[in-house]
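Colleague: The structure is given below, and queries will be raised subsequently.
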Amino acid sequence: MAEFAVEMQDVVKQFVTPEGGILSAVNHVTMQIRDGEFFSLLGPSGCGKTTSLRMIAGFELPTGGKIFIHGKEMSQVPAFQRPVNTVFQQYALFPHMTVEQNIGFGLEMKGVSRAERSSRVSEALEMVRLPGMEMRRPKQLSGGQQQRIALARALINKPEVLLLDEPLGALDLKLRKEMQLELKTLQREVGITFIYVTHDQEEALTMSDRIAVMSKGVVLQIGEPQEIYERPASRYVADFIGETNFLDGVVKGQNGSNVEVDLEGTGVVCVESNRSFNNGQQVFIAVRPEKLRLNSEVKDGNNLKARVEDVIYIGTDTHYGVRFSGGQKVRVREQNIVYGHHEIVQVGDEVTISFAHASPRILTE
Amino acid sequence: MLKAFRSSKGLQLFSLISPGALWIILFFNIPLLIVLFISFVERGRAGGIQLPPVYTLENYRQLFNACASEFSGPNCDPFLYLGIFGHSVRIGLVVTFWCIVLGYPLSYFISRQRPIWRDALMILVIIPFWTNFLVRTYALKQVLATEGLLNSFLMGLHVISQPLDLLFNEFAVIVGLIYGYFPFAVLPMYASIEKFDHSLMEAASDLGAPPWRAFLRIMLPMTLPGVIAALVLVLVPVVGAFITPDIMGGGKIEMIGTLINRQFGVSRNWPFGSSMSLVLMLLVLVGVIAYFRSSSEETRRAM
């Protein structure tokens, strides 16, 4: 059991709403976070990811279930006695203290001497690449700098687990991208388990070793980024992570891993799946726009006729909206490898949409 | 003329502040100068001042040495008036202490409620202001009286068999002053605490601070401006209070306020009343200046 940094067992958190009702922010969540991994909780606002994090931190106590940190049960232990530290969304730096006092606060609480505190604060500032900032006040720092101070303040305590609550949410896009890489590098260097809450799927894909996708207080899928992206377990996950085309269909037959699906009016396609389906079962297939080819037929693949309805040029790619004969509309993404590529196909043209058997996922929910 | 007005920034500014300035000069500065003048002249035979004025330092000398008065008997205590000053400051500090100690948790409690409750509770704190101070003090007197509400209640419950002496002593004066000035303590502290970002307490807890340490290191320093404002707003008027000590003390508890009040009333000694008023003002002024010099920019703005 102790190989997990954090383990949540059937955790429930209920709040009483102002109207007197009961809201289950987290509903029977079970997950195991491995030691040393970068683990993301991903979902839209109100999905329970922040509440889960706050329960691990100790700011909220679970209504039911158990939370273990490195094998020790912590469910009802107050925050100040837990071996974890948090980087807050709005940083929560103490405005009346200097940077040095802020970063040294955790050590001060542990009773570390002033001299040792001072040298460790300098080291921490080196680590976040802000040396010599000791005497500044939080107000005198930019958002990105405050972010790093908050990080240093948490990491200086050498926590068993570092919790990050959308720490990059308040930064602008460019800085955010830089910090993503920096955080990831930092995590590898210090080797501490990071639990990272975000609603930004790209951020989660970029940084995480594993991701838990949450919705309405429930964990929908836990897996590595490519597993989540390539093999979404449900329509919700496929839709939330990246862009996906959904096509309704009925299973016509299955031969080993090859499943034949009739796409009402458009034709029959063959899709690989390791699950088994019944004939006549209602399913839908999910296929990413970049996995669809336009006018370049795939051998041993599916080739369907369609009509172009819109063409959107966005620089790196061109997006096409095409409609099959059965009426289903899908989006196709083509890279603009050659100049003028996007002008070859125009609105109203008849095109062939092709994809490999392994590209789509057959989903039932 | 108009051109000169337009081109002169100073003139423009002066014209803008002149109504306020006029008000202050007319109703605050001139009366103060009159008091200053009276404190340096001899009293009149039948009250007021001797005319034409006879200048003297006697009124100040008397304050520091009560036996200097022509009416003092053989057993006079030279420090009588200074003692009353000290006593008033002591009562003021006790009252301020309790106002802050009771007001801080209340302000905290109110600030943690949902907005609609917060407003309702703040109105409950402010409501007593809508009633005349005198009426409120008399009402409190009825509560603490020998046959009053509190004694009858406690006796009805058989907690006590004899009515407690709750009135006409220092206790009654202190209770009356706390009751009267409590809102002055709650309002500035509430303003400070309401602005306080409670996620900072979570951050402190996250960094290993038990609740009381988080309070002392984070919340208290950050809400200190409100506490200091409460201190000044309560201490200054309480030290000079005269209605409450009069009513609740039944004339037995002497404070500077009651003493000064008497000089302008039955004692008909305006010059001595004036000198005491000015010394009291100076005392407060020195306190406030000392505080301002030691306080930070932030604290000053909160005032």
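Lettering and numbering for the structure tokens are positional, with chains as A, B, ... in the shown order, residues counted from 1 in each chain, and ligands counted from 1 in the shown order.
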Find the residues near segment 42-59 of chain A: any atom within 7 Å, counting only C-alpha atoms, skip ones fewer than 4 places away on the same chain, and give them as a ChimeraX atom specification.
Modeller: /A:25-26,77-79,84,163,165,197-199,201,204,211-217 /B:202
Colleague: For chain A against chain B, which residues fall within 8 Å using only C-alpha atoms, given as a PyMOL selection string?
Modeller: chain A and resi 57+59+79-82+84-86+88+92-94+96+105-106+109-110+154+157
Colleague: Taking C-alpha atoms for each residue, export the selection above as a JSON list (two decimals), in the first residue's frame.
Modeller:
```json
[["chain", "number", "residue", "atom", "x", "y", "z"],
["A", 57, "ALA", "CA", -4.44, 19.07, 1.70],
["A", 59, "PHE", "CA", -8.71, 22.08, 4.14],
["A", 79, "ALA", "CA", -3.96, 20.52, 7.37],
["A", 80, "PHE", "CA", -1.07, 21.77, 9.50],
["A", 81, "GLN", "CA", -0.16, 18.22, 10.51],
["A", 82, "ARG", "CA", -0.07, 16.77, 6.99],
["A", 84, "VAL", "CA", 1.89, 17.97, 2.03],
["A", 85, "ASN", "CA", 2.15, 21.54, 0.77],
["A", 86, "THR", "CA", -0.02, 23.50, -1.60],
["A", 88, "PHE", "CA", -2.62, 28.12, -4.43],
["A", 92, "ALA", "CA", -1.91, 33.31, -1.20],
["A", 93, "LEU", "CA", 1.43, 34.92, -0.38],
["A", 94, "PHE", "CA", 1.44, 36.80, 2.93],
["A", 96, "HIS", "CA", 2.76, 41.83, 5.15],
["A", 105, "PHE", "CA", 7.34, 30.47, 7.05],
["A", 106, "GLY", "CA", 7.09, 26.68, 6.93],
["A", 109, "MET", "CA", 6.77, 26.81, 12.08],
["A", 110, "LYS", "CA", 9.01, 23.73, 12.32],
["A", 154, "ALA", "CA", 5.89, 25.07, -0.71],
["A", 157, "ASN", "CA", 9.46, 22.19, 3.24]]
```
Colleague: Record the distance separating atom CA of Leu151 of chain A and atom CA of Tyr91 of chain A, expressed in Å with one decimal.
Modeller: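 Pair atom CA of Leu151 of chain A / atom CA of Tyr91 of chain A returns 8.6 Å.
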Colleague: Nearest to Phe40 of chain B among B:Pro163, B:Gly103, B:Val54, B:Phe27, with distances taken over only C-alpha atoms: which residue is it?
Modeller: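 Counting only C-alpha atoms, the residue closest to Phe40 of chain B is B:Val54.
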Colleague: Do you have the atom CA of Ala306 of chain A-atom CA of Ile353 of chain A distance handy?
Modeller: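 Value for the atom CA of Ala306 of chain A-atom CA of Ile353 of chain A distance: 6.7 Å.
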Colleague: Give me the residues within 12 Å of Gly240 of chain B as a ChimeraX atom specification, counting only C-alpha atoms and dropping any in the same chain fewer than 3 places off.
Modeller: /B:84-92,177,234-237,243-245,254-261,276-281,283-284
Colleague: Using DSSP on the backbone, list every residue of segment 147-343 of chain A that comes out as strand (DSSP E or B), and give them as a PDB file with N, CA and C atoms, in the first residue's frame.
Modeller:
```pdb
ATOM      1  N   VAL A 161       4.138  15.263  -0.796  1.00  0.00           N
ATOM      2  CA  VAL A 161       3.329  15.479  -1.988  1.00  0.00           C
ATOM      3  C   VAL A 161       3.136  16.983  -2.144  1.00  0.00           C
ATOM      4  N   LEU A 162       3.281  17.476  -3.362  1.00  0.00           N
ATOM      5  CA  LEU A 162       3.007  18.887  -3.618  1.00  0.00           C
ATOM      6  C   LEU A 162       1.677  18.989  -4.363  1.00  0.00           C
ATOM      7  N   LEU A 163       0.788  19.819  -3.826  1.00  0.00           N
ATOM      8  CA  LEU A 163      -0.527  19.991  -4.437  1.00  0.00           C
ATOM      9  C   LEU A 163      -0.557  21.335  -5.151  1.00  0.00           C
ATOM     10  N   LEU A 164      -1.002  21.330  -6.390  1.00  0.00           N
ATOM     11  CA  LEU A 164      -1.043  22.582  -7.144  1.00  0.00           C
ATOM     12  C   LEU A 164      -2.454  22.805  -7.672  1.00  0.00           C
ATOM     13  N   ASP A 165      -3.057  23.913  -7.234  1.00  0.00           N
ATOM     14  CA  ASP A 165      -4.443  24.202  -7.607  1.00  0.00           C
ATOM     15  C   ASP A 165      -4.458  25.238  -8.727  1.00  0.00           C
ATOM     16  N   THR A 193       6.151  13.906  -5.596  1.00  0.00           N
ATOM     17  CA  THR A 193       4.871  13.661  -6.247  1.00  0.00           C
ATOM     18  C   THR A 193       4.123  14.989  -6.394  1.00  0.00           C
ATOM     19  N   PHE A 194       3.704  15.293  -7.617  1.00  0.00           N
ATOM     20  CA  PHE A 194       2.909  16.502  -7.846  1.00  0.00           C
ATOM     21  C   PHE A 194       1.472  16.084  -8.147  1.00  0.00           C
ATOM     22  N   ILE A 195       0.529  16.719  -7.484  1.00  0.00           N
ATOM     23  CA  ILE A 195      -0.869  16.543  -7.879  1.00  0.00           C
ATOM     24  C   ILE A 195      -1.358  17.897  -8.364  1.00  0.00           C
ATOM     25  N   TYR A 196      -1.779  17.908  -9.602  1.00  0.00           N
ATOM     26  CA  TYR A 196      -1.976  19.160 -10.304  1.00  0.00           C
ATOM     27  C   TYR A 196      -3.434  19.269 -10.755  1.00  0.00           C
ATOM     28  N   VAL A 197      -4.108  20.302 -10.290  1.00  0.00           N
ATOM     29  CA  VAL A 197      -5.506  20.494 -10.687  1.00  0.00           C
ATOM     30  C   VAL A 197      -5.572  21.486 -11.837  1.00  0.00           C
ATOM     31  N   THR A 198      -6.268  21.128 -12.894  1.00  0.00           N
ATOM     32  CA  THR A 198      -6.391  22.049 -14.019  1.00  0.00           C
ATOM     33  C   THR A 198      -7.674  21.773 -14.799  1.00  0.00           C
ATOM     34  N   ARG A 210       0.238  10.896 -15.451  1.00  0.00           N
ATOM     35  CA  ARG A 210      -1.105  10.314 -15.560  1.00  0.00           C
ATOM     36  C   ARG A 210      -2.137  11.400 -15.276  1.00  0.00           C
ATOM     37  N   ILE A 211      -3.319  11.163 -15.841  1.00  0.00           N
ATOM     38  CA  ILE A 211      -4.397  12.141 -15.709  1.00  0.00           C
ATOM     39  C   ILE A 211      -5.644  11.422 -15.198  1.00  0.00           C
ATOM     40  N   ALA A 212      -6.364  12.084 -14.281  1.00  0.00           N
ATOM     41  CA  ALA A 212      -7.691  11.597 -13.915  1.00  0.00           C
ATOM     42  C   ALA A 212      -8.692  12.605 -14.455  1.00  0.00           C
ATOM     43  N   VAL A 213      -9.574  12.155 -15.338  1.00  0.00           N
ATOM     44  CA  VAL A 213     -10.597  13.055 -15.875  1.00  0.00           C
ATOM     45  C   VAL A 213     -11.815  12.949 -14.981  1.00  0.00           C
ATOM     46  N   MET A 214     -12.260  14.124 -14.471  1.00  0.00           N
ATOM     47  CA  MET A 214     -13.399  14.127 -13.559  1.00  0.00           C
ATOM     48  C   MET A 214     -14.556  14.912 -14.141  1.00  0.00           C
ATOM     49  N   SER A 215     -15.752  14.505 -13.749  1.00  0.00           N
ATOM     50  CA  SER A 215     -16.952  15.250 -14.114  1.00  0.00           C
ATOM     51  C   SER A 215     -18.018  14.980 -13.070  1.00  0.00           C
ATOM     52  N   VAL A 218     -17.232  12.686 -10.109  1.00  0.00           N
ATOM     53  CA  VAL A 218     -16.895  11.288 -10.377  1.00  0.00           C
ATOM     54  C   VAL A 218     -15.651  11.237 -11.254  1.00  0.00           C
ATOM     55  N   VAL A 219     -14.791  10.230 -11.024  1.00  0.00           N
ATOM     56  CA  VAL A 219     -13.640  10.032 -11.906  1.00  0.00           C
ATOM     57  C   VAL A 219     -14.092   9.188 -13.091  1.00  0.00           C
ATOM     58  N   LEU A 220     -13.934   9.724 -14.301  1.00  0.00           N
ATOM     59  CA  LEU A 220     -14.387   9.014 -15.490  1.00  0.00           C
ATOM     60  C   LEU A 220     -13.314   8.092 -16.040  1.00  0.00           C
ATOM     61  N   GLN A 221     -12.065   8.549 -15.993  1.00  0.00           N
ATOM     62  CA  GLN A 221     -10.987   7.738 -16.545  1.00  0.00           C
ATOM     63  C   GLN A 221      -9.664   8.188 -15.948  1.00  0.00           C
ATOM     64  N   ILE A 222      -8.814   7.214 -15.657  1.00  0.00           N
ATOM     65  CA  ILE A 222      -7.463   7.534 -15.203  1.00  0.00           C
ATOM     66  C   ILE A 222      -6.491   6.863 -16.158  1.00  0.00           C
ATOM     67  N   GLY A 223      -5.527   7.599 -16.641  1.00  0.00           N
ATOM     68  CA  GLY A 223      -4.571   6.981 -17.553  1.00  0.00           C
ATOM     69  C   GLY A 223      -3.488   7.947 -17.961  1.00  0.00           C
ATOM     70  N   ASN A 245     -15.072  13.947 -33.507  1.00  0.00           N
ATOM     71  CA  ASN A 245     -16.305  13.753 -34.280  1.00  0.00           C
ATOM     72  C   ASN A 245     -17.004  12.517 -33.755  1.00  0.00           C
ATOM     73  N   PHE A 246     -18.300  12.627 -33.555  1.00  0.00           N
ATOM     74  CA  PHE A 246     -19.078  11.461 -33.122  1.00  0.00           C
ATOM     75  C   PHE A 246     -20.028  11.068 -34.243  1.00  0.00           C
ATOM     76  N   LEU A 247     -20.038   9.771 -34.563  1.00  0.00           N
ATOM     77  CA  LEU A 247     -20.941   9.274 -35.597  1.00  0.00           C
ATOM     78  C   LEU A 247     -21.778   8.144 -35.012  1.00  0.00           C
ATOM     79  N   ASP A 248     -23.103   8.297 -35.051  1.00  0.00           N
ATOM     80  CA  ASP A 248     -23.989   7.250 -34.534  1.00  0.00           C
ATOM     81  C   ASP A 248     -24.025   6.094 -35.516  1.00  0.00           C
ATOM     82  N   GLY A 249     -24.152   4.891 -35.001  1.00  0.00           N
ATOM     83  CA  GLY A 249     -24.209   3.732 -35.886  1.00  0.00           C
ATOM     84  C   GLY A 249     -24.738   2.508 -35.183  1.00  0.00           C
ATOM     85  N   VAL A 250     -24.886   1.435 -35.977  1.00  0.00           N
ATOM     86  CA  VAL A 250     -25.387   0.164 -35.451  1.00  0.00           C
ATOM     87  C   VAL A 250     -24.381  -0.914 -35.842  1.00  0.00           C
ATOM     88  N   VAL A 251     -24.054  -1.795 -34.897  1.00  0.00           N
ATOM     89  CA  VAL A 251     -23.099  -2.871 -35.174  1.00  0.00           C
ATOM     90  C   VAL A 251     -23.740  -3.881 -36.121  1.00  0.00           C
ATOM     91  N   LYS A 252     -23.013  -4.178 -37.227  1.00  0.00           N
ATOM     92  CA  LYS A 252     -23.541  -5.133 -38.215  1.00  0.00           C
ATOM     93  C   LYS A 252     -22.925  -6.512 -38.020  1.00  0.00           C
ATOM     94  N   GLY A 253     -21.708  -6.525 -37.546  1.00  0.00           N
ATOM     95  CA  GLY A 253     -21.057  -7.818 -37.367  1.00  0.00           C
ATOM     96  C   GLY A 253     -19.677  -7.611 -36.787  1.00  0.00           C
ATOM     97  N   GLN A 254     -19.120  -8.697 -36.206  1.00  0.00           N
ATOM     98  CA  GLN A 254     -17.794  -8.572 -35.620  1.00  0.00           C
ATOM     99  C   GLN A 254     -16.982  -9.798 -36.006  1.00  0.00           C
ATOM    100  N   ASN A 255     -15.742  -9.518 -36.480  1.00  0.00           N
ATOM    101  CA  ASN A 255     -14.860 -10.608 -36.859  1.00  0.00           C
ATOM    102  C   ASN A 255     -13.548 -10.389 -36.117  1.00  0.00           C
ATOM    103  N   ASN A 258     -12.173  -6.809 -35.624  1.00  0.00           N
ATOM    104  CA  ASN A 258     -12.792  -5.915 -36.612  1.00  0.00           C
ATOM    105  C   ASN A 258     -14.306  -5.875 -36.433  1.00  0.00           C
ATOM    106  N   VAL A 259     -14.803  -4.677 -36.224  1.00  0.00           N
ATOM    107  CA  VAL A 259     -16.237  -4.505 -36.021  1.00  0.00           C
ATOM    108  C   VAL A 259     -16.793  -3.723 -37.201  1.00  0.00           C
ATOM    109  N   GLU A 260     -17.888  -4.220 -37.760  1.00  0.00           N
ATOM    110  CA  GLU A 260     -18.533  -3.495 -38.857  1.00  0.00           C
ATOM    111  C   GLU A 260     -19.667  -2.669 -38.283  1.00  0.00           C
ATOM    112  N   VAL A 261     -19.611  -1.375 -38.573  1.00  0.00           N
ATOM    113  CA  VAL A 261     -20.639  -0.481 -38.045  1.00  0.00           C
ATOM    114  C   VAL A 261     -21.332   0.203 -39.213  1.00  0.00           C
ATOM    115  N   ASP A 262     -22.655   0.168 -39.193  1.00  0.00           N
ATOM    116  CA  ASP A 262     -23.440   0.829 -40.239  1.00  0.00           C
ATOM    117  C   ASP A 262     -23.746   2.253 -39.789  1.00  0.00           C
ATOM    118  N   LEU A 263     -23.198   3.208 -40.533  1.00  0.00           N
ATOM    119  CA  LEU A 263     -23.452   4.610 -40.205  1.00  0.00           C
ATOM    120  C   LEU A 263     -24.661   5.079 -40.976  1.00  0.00           C
ATOM    121  N   GLY A 267     -23.000   4.542 -45.049  1.00  0.00           N
ATOM    122  CA  GLY A 267     -22.274   3.354 -45.468  1.00  0.00           C
ATOM    123  C   GLY A 267     -21.791   2.577 -44.272  1.00  0.00           C
ATOM    124  N   VAL A 268     -21.135   1.468 -44.553  1.00  0.00           N
ATOM    125  CA  VAL A 268     -20.639   0.617 -43.479  1.00  0.00           C
ATOM    126  C   VAL A 268     -19.142   0.830 -43.354  1.00  0.00           C
ATOM    127  N   VAL A 269     -18.669   1.020 -42.120  1.00  0.00           N
ATOM    128  CA  VAL A 269     -17.241   1.185 -41.910  1.00  0.00           C
ATOM    129  C   VAL A 269     -16.748   0.040 -41.024  1.00  0.00           C
ATOM    130  N   CYS A 270     -15.452  -0.201 -41.143  1.00  0.00           N
ATOM    131  CA  CYS A 270     -14.835  -1.256 -40.360  1.00  0.00           C
ATOM    132  C   CYS A 270     -13.887  -0.614 -39.361  1.00  0.00           C
ATOM    133  N   VAL A 271     -14.088  -0.927 -38.099  1.00  0.00           N
ATOM    134  CA  VAL A 271     -13.308  -0.280 -37.052  1.00  0.00           C
ATOM    135  C   VAL A 271     -12.736  -1.352 -36.131  1.00  0.00           C
ATOM    136  N   GLU A 272     -11.477  -1.169 -35.734  1.00  0.00           N
ATOM    137  CA  GLU A 272     -10.863  -2.120 -34.809  1.00  0.00           C
ATOM    138  C   GLU A 272     -11.270  -1.808 -33.382  1.00  0.00           C
ATOM    139  N   GLN A 282     -26.633  -0.389 -30.619  1.00  0.00           N
ATOM    140  CA  GLN A 282     -26.443   1.032 -30.913  1.00  0.00           C
ATOM    141  C   GLN A 282     -25.098   1.480 -30.335  1.00  0.00           C
ATOM    142  N   VAL A 283     -24.249   2.055 -31.185  1.00  0.00           N
ATOM    143  CA  VAL A 283     -22.950   2.548 -30.705  1.00  0.00           C
ATOM    144  C   VAL A 283     -22.687   3.886 -31.380  1.00  0.00           C
ATOM    145  N   PHE A 284     -21.612   4.524 -30.977  1.00  0.00           N
ATOM    146  CA  PHE A 284     -21.135   5.622 -31.822  1.00  0.00           C
ATOM    147  C   PHE A 284     -19.636   5.532 -31.933  1.00  0.00           C
ATOM    148  N   ILE A 285     -19.145   5.981 -33.046  1.00  0.00           N
ATOM    149  CA  ILE A 285     -17.702   5.942 -33.191  1.00  0.00           C
ATOM    150  C   ILE A 285     -17.166   7.363 -33.056  1.00  0.00           C
ATOM    151  N   ALA A 286     -16.060   7.446 -32.350  1.00  0.00           N
ATOM    152  CA  ALA A 286     -15.425   8.740 -32.090  1.00  0.00           C
ATOM    153  C   ALA A 286     -14.129   8.780 -32.873  1.00  0.00           C
ATOM    154  N   VAL A 287     -13.959   9.815 -33.679  1.00  0.00           N
ATOM    155  CA  VAL A 287     -12.726   9.912 -34.460  1.00  0.00           C
ATOM    156  C   VAL A 287     -12.238  11.356 -34.479  1.00  0.00           C
ATOM    157  N   ARG A 293      -8.511  11.796 -43.364  1.00  0.00           N
ATOM    158  CA  ARG A 293      -7.757  12.287 -44.525  1.00  0.00           C
ATOM    159  C   ARG A 293      -8.737  12.763 -45.583  1.00  0.00           C
ATOM    160  N   LEU A 294      -8.324  13.774 -46.271  1.00  0.00           N
ATOM    161  CA  LEU A 294      -9.187  14.368 -47.295  1.00  0.00           C
ATOM    162  C   LEU A 294      -8.590  14.054 -48.661  1.00  0.00           C
ATOM    163  N   GLY A 301      -8.539   0.768 -45.540  1.00  0.00           N
ATOM    164  CA  GLY A 301      -9.173   1.673 -44.587  1.00  0.00           C
ATOM    165  C   GLY A 301     -10.599   1.935 -45.016  1.00  0.00           C
ATOM    166  N   ASN A 302     -11.187   2.919 -44.426  1.00  0.00           N
ATOM    167  CA  ASN A 302     -12.541   3.310 -44.778  1.00  0.00           C
ATOM    168  C   ASN A 302     -12.485   4.557 -45.633  1.00  0.00           C
ATOM    169  N   ASN A 303     -13.202   4.527 -46.740  1.00  0.00           N
ATOM    170  CA  ASN A 303     -13.249   5.692 -47.620  1.00  0.00           C
ATOM    171  C   ASN A 303     -14.711   6.047 -47.847  1.00  0.00           C
ATOM    172  N   LEU A 304     -15.077   7.270 -47.480  1.00  0.00           N
ATOM    173  CA  LEU A 304     -16.478   7.675 -47.569  1.00  0.00           C
ATOM    174  C   LEU A 304     -16.602   8.947 -48.386  1.00  0.00           C
ATOM    175  N   LYS A 305     -17.668   9.031 -49.163  1.00  0.00           N
ATOM    176  CA  LYS A 305     -17.925  10.245 -49.946  1.00  0.00           C
ATOM    177  C   LYS A 305     -18.554  11.311 -49.051  1.00  0.00           C
ATOM    178  N   ALA A 306     -18.170  12.556 -49.291  1.00  0.00           N
ATOM    179  CA  ALA A 306     -18.747  13.646 -48.494  1.00  0.00           C
ATOM    180  C   ALA A 306     -18.680  14.934 -49.297  1.00  0.00           C
ATOM    181  N   ARG A 307     -19.417  15.957 -48.834  1.00  0.00           N
ATOM    182  CA  ARG A 307     -19.413  17.244 -49.514  1.00  0.00           C
ATOM    183  C   ARG A 307     -18.869  18.308 -48.556  1.00  0.00           C
ATOM    184  N   VAL A 308     -18.008  19.173 -49.085  1.00  0.00           N
ATOM    185  CA  VAL A 308     -17.388  20.204 -48.244  1.00  0.00           C
ATOM    186  C   VAL A 308     -18.386  21.327 -47.972  1.00  0.00           C
ATOM    187  N   GLU A 309     -18.535  21.682 -46.700  1.00  0.00           N
ATOM    188  CA  GLU A 309     -19.469  22.757 -46.346  1.00  0.00           C
ATOM    189  C   GLU A 309     -18.764  24.028 -45.902  1.00  0.00           C
ATOM    190  N   ASP A 310     -17.593  23.901 -45.314  1.00  0.00           N
ATOM    191  CA  ASP A 310     -16.845  25.113 -44.970  1.00  0.00           C
ATOM    192  C   ASP A 310     -15.361  24.811 -44.929  1.00  0.00           C
ATOM    193  N   VAL A 311     -14.585  25.835 -45.177  1.00  0.00           N
ATOM    194  CA  VAL A 311     -13.133  25.713 -45.150  1.00  0.00           C
ATOM    195  C   VAL A 311     -12.614  26.850 -44.280  1.00  0.00           C
ATOM    196  N   ILE A 312     -11.865  26.500 -43.229  1.00  0.00           N
ATOM    197  CA  ILE A 312     -11.322  27.551 -42.357  1.00  0.00           C
ATOM    198  C   ILE A 312      -9.810  27.423 -42.311  1.00  0.00           C
ATOM    199  N   TYR A 313      -9.156  28.464 -42.729  1.00  0.00           N
ATOM    200  CA  TYR A 313      -7.693  28.475 -42.733  1.00  0.00           C
ATOM    201  C   TYR A 313      -7.217  29.038 -41.405  1.00  0.00           C
ATOM    202  N   ASP A 317      -2.941  24.766 -39.801  1.00  0.00           N
ATOM    203  CA  ASP A 317      -3.861  23.775 -40.374  1.00  0.00           C
ATOM    204  C   ASP A 317      -4.951  24.462 -41.176  1.00  0.00           C
ATOM    205  N   THR A 318      -5.657  23.620 -41.939  1.00  0.00           N
ATOM    206  CA  THR A 318      -6.923  24.058 -42.498  1.00  0.00           C
ATOM    207  C   THR A 318      -7.991  23.114 -41.973  1.00  0.00           C
ATOM    208  N   HIS A 319      -9.097  23.687 -41.502  1.00  0.00           N
ATOM    209  CA  HIS A 319     -10.197  22.863 -40.993  1.00  0.00           C
ATOM    210  C   HIS A 319     -11.297  22.821 -42.038  1.00  0.00           C
ATOM    211  N   TYR A 320     -11.793  21.619 -42.285  1.00  0.00           N
ATOM    212  CA  TYR A 320     -12.890  21.465 -43.235  1.00  0.00           C
ATOM    213  C   TYR A 320     -14.092  20.915 -42.495  1.00  0.00           C
ATOM    214  N   GLY A 321     -15.244  21.462 -42.803  1.00  0.00           N
ATOM    215  CA  GLY A 321     -16.477  20.866 -42.329  1.00  0.00           C
ATOM    216  C   GLY A 321     -17.092  20.116 -43.499  1.00  0.00           C
ATOM    217  N   VAL A 322     -17.257  18.794 -43.353  1.00  0.00           N
ATOM    218  CA  VAL A 322     -17.815  18.025 -44.475  1.00  0.00           C
ATOM    219  C   VAL A 322     -19.028  17.237 -44.004  1.00  0.00           C
ATOM    220  N   ARG A 323     -19.970  17.004 -44.935  1.00  0.00           N
ATOM    221  CA  ARG A 323     -21.189  16.280 -44.579  1.00  0.00           C
ATOM    222  C   ARG A 323     -21.282  15.017 -45.419  1.00  0.00           C
ATOM    223  N   PHE A 324     -21.533  13.897 -44.702  1.00  0.00           N
ATOM    224  CA  PHE A 324     -21.696  12.622 -45.410  1.00  0.00           C
ATOM    225  C   PHE A 324     -23.085  12.541 -46.018  1.00  0.00           C
ATOM    226  N   LYS A 329     -22.259  15.364 -39.963  1.00  0.00           N
ATOM    227  CA  LYS A 329     -21.213  16.324 -40.307  1.00  0.00           C
ATOM    228  C   LYS A 329     -19.975  16.029 -39.457  1.00  0.00           C
ATOM    229  N   VAL A 330     -18.816  16.075 -40.064  1.00  0.00           N
ATOM    230  CA  VAL A 330     -17.582  15.893 -39.303  1.00  0.00           C
ATOM    231  C   VAL A 330     -16.605  17.006 -39.645  1.00  0.00           C
ATOM    232  N   ARG A 331     -15.630  17.168 -38.776  1.00  0.00           N
ATOM    233  CA  ARG A 331     -14.577  18.144 -39.047  1.00  0.00           C
ATOM    234  C   ARG A 331     -13.295  17.388 -39.373  1.00  0.00           C
ATOM    235  N   VAL A 332     -12.570  17.919 -40.351  1.00  0.00           N
ATOM    236  CA  VAL A 332     -11.329  17.305 -40.800  1.00  0.00           C
ATOM    237  C   VAL A 332     -10.233  18.340 -40.652  1.00  0.00           C
ATOM    238  N   ARG A 333      -9.085  17.904 -40.158  1.00  0.00           N
ATOM    239  CA  ARG A 333      -7.984  18.844 -39.993  1.00  0.00           C
ATOM    240  C   ARG A 333      -6.821  18.385 -40.871  1.00  0.00           C
ATOM    241  N   GLU A 334      -6.382  19.254 -41.750  1.00  0.00           N
ATOM    242  CA  GLU A 334      -5.259  18.937 -42.636  1.00  0.00           C
ATOM    243  C   GLU A 334      -4.151  19.927 -42.356  1.00  0.00           C
ATOM    244  N   GLN A 335      -2.934  19.431 -42.264  1.00  0.00           N
ATOM    245  CA  GLN A 335      -1.812  20.341 -42.065  1.00  0.00           C
ATOM    246  C   GLN A 335      -1.488  21.056 -43.361  1.00  0.00           C
TER     247      GLN A 335
END
```
Colleague: Give me, as a PyMOL selection string, all polymer residues having an atom no more than 9 Å from Glu170 of chain B, counting only C-alpha atoms and skipping those fewer than 4 positions away in the same chain.
Modeller: chain B and resi 91+174-175+245+248-249+252-253
Colleague: Just want the 8 Å neighbourhood of Ile192 of chain A, counted on only C-alpha atoms, with same-chain residues fewer than 5 positions away dropped. Output as an MDAnalysis selection string.
Modeller: chainID A and resid 35:37 159:162 187
Colleague: Considering only alpha helix (DSSP H) as DSSP defines it on the backbone, what residues of segment 138-297 of chain B qualify? List them as a ChimeraX atom specification.
Modeller: /B:138-144,149-156,170-195,199-206,211-214,220-239,243-249,256-264,270-294,297
Colleague: Got a sec: who's within 12 Å of segment 185-194 of chain B, counting only C-alpha atoms, leaving out chain neighbours fewer than 5 positions off, as a PyMOL selection string?
Modeller: chain B and resi 95-115+118-119+121-126+177-180+215+218-238+298-299+301-303
